[in-house]
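Asker: Got a structure for you, written out below as structure tokens; questions coming shortly.
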Amino acid sequence: MAVLVIADHDGATVRDTTHKTVTAAAKIGGDIDILVVGEGAKGAADAAAKIKGVRKVLLAESAGLGKVLAEAVEATVLPLADGYDAILAPATTDGKNFAPRIAAKLDVAPISDIIEVVSPDTFVRPIYAGNALETVQSSDAKKVITVRPTGFDSAEEGGSAPVESVTGGDAPKTTFVSEEMVKSDRPELGAAKIVVSGGRALGSSEEFHAVMDPLADKLGAAVGASRAAVDAGYAPNDYQVGQTGKVVAPELYIAIGISGAIQHLAGMKDSKIIVAINKDPDAPIFQVADYGLVADYKIAVPELMAALG
Amino acid sequence: MKVLVPVKRVIDYNVKARVKADQSGVDLANVKMSMNPFDEIAVEEAVRLKEGKGHHAANTAEEIVAVSVGVTQAQETIRNALAIGADRGILVQSDTDLEPLAVAKVLKAVVDEEKPDLVLMGKQAIDGDNNAVGQMLAALLDWPQATFASKVEIKDGKAQVTREIDGGLQTIEVALPAVITVDLRLNTPRYASLPNIMKAKKKEIATKAVADYGTDTAPRLKVIKVTEPPKREAGEKVADAAELVAKLKSKGVI
């Protein structure tokens with residue numbers, strides 16, 4: 001049995017999501033190889049080789065792979081697929097982009113976003129934005145899986161696997177145009193350890209930013225918002241946490257002026273610790289909060305800022 | 001340009017999914033069902049391509065076909081798409097819930113018949129959360145894909161698509177025909193007006209059966225069980241911000 005893990009990396013090194021996917025691969029069992037696709041990604045391949053339990057690292061480089069175009073990844077992986085019983089990728093936007101494409105070409109049913117490996121062919125994955133957990137058994141000989149990083153611990157360092165070159169594929173019908181990465185000192189919403197989210201109670205876009213931004217900066221947190229706040233125009237759409245927005249599971253989630261509609265709870269209820277600040281003691285958010293502070297945010301947030309020092 | 005928009009009938013996003021006591025799935029009896037919100041955004045964008053709204057030239061899309069693979073009631077979902085502005089519908093009836101791979105195969109067969117220049121669809125359905133059908137359809141057709149679109153521009157037989165990726169935005173250009181899956185920020189779907197709802201009742205919906213397409217739709221995955229996630233208990237109320245900070249410090253999260 002052998003498992004191929006497609007690495008998530010920035011060229012110079014592999015991201016922690018790769019370590020977590022290796023842990024999932026180890027639970028499936030067998031030899032683990034890591035495929036690094038990219039352009040000028042030798043550093044990432046060397047970093048992948050240091051992950052414990054890895055048999056070898058395959059490095060595929062081409063122009064289309066520099067931007068992880070799905071068609072190029074597909075063309076790289078298909079010739080390698082024969083040697084593997086399972087192909088895993090972290091459930092990042094890249095992994096979600098190329099994994100189903102590979103699965104369709106191999107005529108297998110992809111299994112998205114697993115949070116647990118029950119046995120080599122059985123996996124647990126959230127459905128309905130995490131309101132239910134589905135345990136599925138695959139009858140496909142080969143499995144194509146994306147792994148939700150928050151579901152697994154990071155594989156340790158300490159390996160010294162050899163790095164081999166393999167042929168990189170291309171994406172003839174796709175051209176990369178540009179990239180605009182958010183240059184913010186704040187962490188990304190999906191990966192942040194602390195998230196502070198604001199709701200409709202904040203009343204305006206100016207107030208939203210005046211209250212949430214300093215608090216986020218003090219805590220080194222990402223800023224989120226409820227759908228109600230986004231719909232009202234107080235916060236940009238990419239701040240939205242919930243069933244139709246981003247699903248987050250940080251160590252600490254602080255909800256300010258958020259009532260806790262079902263659709264919002266679906267996006268944050270797997271957070272480790274939830275804090276709710278709301279002046280309505282009957283707000284549903286308090287039913288999922290570890291710590292609830294019944295207070296007007298106008299008083300509570302400045303006090304919180306002061307208490308944080 | 002002809003645009004095909006696959007739409008799925010799912011539990012309304014404001015309804016809490018409840019797991020059945022026998023762990024066989026989620027209880028959908030007497031639950032409000034709606035069009036998958038991401039599909040609604042795809043329909044809206046297709047209609048804007050036709051109307052020439054926003055940055056689109058008028059008649060960028062000439063015909064919009066909404067297709068749904070699902071139970072008889074998925075007709076209502078198609079009707080909804082027609083009320084937003086799609087021209088006609090196709091219902092591929094299936095009494096069983098098909099897996100994403102099977103849906104992709106059926107859609108491929110529909111594409112082979114309809115020959116659209118563009119397939120615009122939601123990035124994922126909010127029931128199964130697989131985020132897979134669009135990518136698989138593109139692979140089966142050997143078409144390029146542009147997933148998680150937050151901006152779409154059609155020109156000279158190409159689509160320039162801005163994609164929501166982790167940490168930012170990526171813009172790519174794909175040659176048409178292509179599959180584009182849409183993300184939340186692409187647009188805000190309109191509410192169908194009453195006259196348009198009335199007009200939609202007169203638009204044609206062709207009904208087919210999955211068997212008509214002769215594709216292999218056998219399930220590959222067996223659902224062993226569907227369970228509730230671990231329940232969160234309401235915690236404690238704190239008196240003020242100072243107490244809150246003390247508690248969070250003791251937990252080591254700040």
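Just remember, in the structure tokens the first chain shown is A, the second B, etc., residues are 1-based per chain, and ligands are 1-based in the order shown.
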Excluding Asp156 in chain B and residues on its chain fewer than 3 positions from it, collect all residues at most 10 Å away from it, counting only C-alpha atoms, and give them as a PyMOL selection string.
Answerer: chain B and resi 159+175-176
Asker: Quick one: contact table of range 83-167 of chain A to range 5-14 of chain A, 8 Å max, nearest atom pair and distance in Å to one decimal per residue, counting only C-alpha atoms, chain and number order, as a tab-separated table?
Answerer:
```
residue	atom	partner	partner_atom	distance
A:Ile87	CA	A:Val5	CA	6.0
A:Leu88	CA	A:Val5	CA	4.7
A:Ala89	CA	A:Ile6	CA	5.0
A:Pro90	CA	A:Asp8	CA	7.0
```
Asker: Do you know which residues are at most 10 Å from Pro284 in chain A counting only C-alpha atoms, after dropping those on the same chain fewer than 6 positions away, and could you put them as an mmCIF file with N, CA and C atoms, in the first residue's frame?
Answerer:
```
data_model
loop_
_atom_site.group_PDB
_atom_site.id
_atom_site.type_symbol
_atom_site.label_atom_id
_atom_site.label_comp_id
_atom_site.auth_asym_id
_atom_site.auth_seq_id
_atom_site.Cartn_x
_atom_site.Cartn_y
_atom_site.Cartn_z
ATOM 1 N N ILE A 258 -23.319 39.777 17.869
ATOM 2 C CA ILE A 258 -23.842 38.766 16.942
ATOM 3 C C ILE A 258 -24.881 37.946 17.695
ATOM 4 N N SER A 259 -26.093 37.847 17.119
ATOM 5 C CA SER A 259 -27.158 37.140 17.844
ATOM 6 C C SER A 259 -26.942 35.638 17.814
ATOM 7 N N GLY A 260 -26.393 35.132 16.706
ATOM 8 C CA GLY A 260 -26.126 33.697 16.627
ATOM 9 C C GLY A 260 -27.141 32.950 15.786
ATOM 10 N N ALA A 261 -27.441 33.474 14.594
ATOM 11 C CA ALA A 261 -28.332 32.765 13.664
ATOM 12 C C ALA A 261 -27.694 31.433 13.300
ATOM 13 N N ILE A 262 -28.544 30.464 12.989
ATOM 14 C CA ILE A 262 -28.078 29.119 12.644
ATOM 15 C C ILE A 262 -26.977 29.172 11.603
ATOM 16 N N LEU A 265 -23.729 30.186 13.263
ATOM 17 C CA LEU A 265 -23.200 29.155 14.168
ATOM 18 C C LEU A 265 -22.525 28.033 13.374
ATOM 19 N N ALA A 276 -18.932 35.327 23.716
ATOM 20 C CA ALA A 276 -19.998 36.144 23.138
ATOM 21 C C ALA A 276 -20.194 37.384 23.979
ATOM 22 N N ALA B 234 -23.608 25.377 26.753
ATOM 23 C CA ALA B 234 -23.460 26.786 27.116
ATOM 24 C C ALA B 234 -22.504 26.847 28.300
#
```
Asker: Find the residues in chain B near chain A: any atom within 7 Å counts, using only C-alpha atoms. Write them as a ChimeraX atom specification.
Answerer: /B:13-14,16-17,19,101,126-132,135-136,139-140,144,147,165-175,185,220-229,232-242,245,253
Asker: One decimal, in Å: what's the spacing between CA of Ile41 in chain B and CA of Asp183 in chain B?
Answerer: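 It comes out at 7.8 Å.
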Asker: Let me make sure I understand: among B:Val31, B:Ile254, B:Ile90, B:Val133, which one has the smallest atom-to-atom distance to Glu113 in chain B if we use only C-alpha atoms?
Answerer: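 Smallest separation from Glu113 in chain B among the options: B:Ile90.
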Asker: What is the distance between CA of Lys27 in chain A and CA of Val3 in chain A, in Å to one decimal?
Answerer: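 Computing it gives 10.4 Å between the two atoms.
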Asker: Rounded to one decimal place, report the CA of Val3 in chain B-CA of Lys32 in chain B distance in Å.
Answerer: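 Taking CA of Val3 in chain B as the start and CA of Lys32 in chain B as the end point, the length is 28.4 Å.
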Asker: If you run DSSP over the backbone, which residues in range 45-156 of chain B end up alpha helix (DSSP H)? Put them as a PyMOL selection string.
Answerer: chain B and resi 45-51+74-84+100-114+133-141
Asker: Using only C-alpha atoms, which residues sit within 10 Å of Lys199 in chain B once same-chain residues fewer than 6 positions away are excluded, as a PyMOL selection string?
Answerer: chain B and resi 79+82-83+85+193
Asker: Would you return as a list in words the members of range 138-218 of chain A that DSSP assigns to strand (DSSP E) on this structure's backbone?
Answerer: Ser138, Lys143, Val144, Ile145, Thr146, Val147, Val163, Glu164, Ser165, Val166, Thr167, Thr174, Thr175, Phe176, Val177, Ser178, Glu179, Glu180, Met181, Ile194, Val195, Val196, Ser197 and Gly198 of chain A
Asker: So that I can see what lies close to range 33-40 of chain A, please list as a ChimeraX atom specification the residues with an atom at most 10 Å from it, counting only C-alpha atoms and leaving out residues fewer than 3 positions away in the same chain.
Answerer: /A:2-12,14,18,22,25,30,43-46,48-49,51,53-69,72-73,76-77,80,84,87-89,161,163-169
Asker: Please provide the set of residues having any atom within 6 Å of range 33-39 of chain B, restricted to only C-alpha atoms, with same-chain residues fewer than 6 positions apart removed, written as a PyMOL selection string.
Answerer: chain B and resi 7-12+77+121-122+125
Asker: For Met212 in chain A, find every residue with an atom within 7 Å (counting only C-alpha atoms), except residues of its own chain fewer than 3 positions away, and show them as a list in words.
Answerer: Gly198, Phe208, His209, Leu215, Ala216 and Val223 of chain A
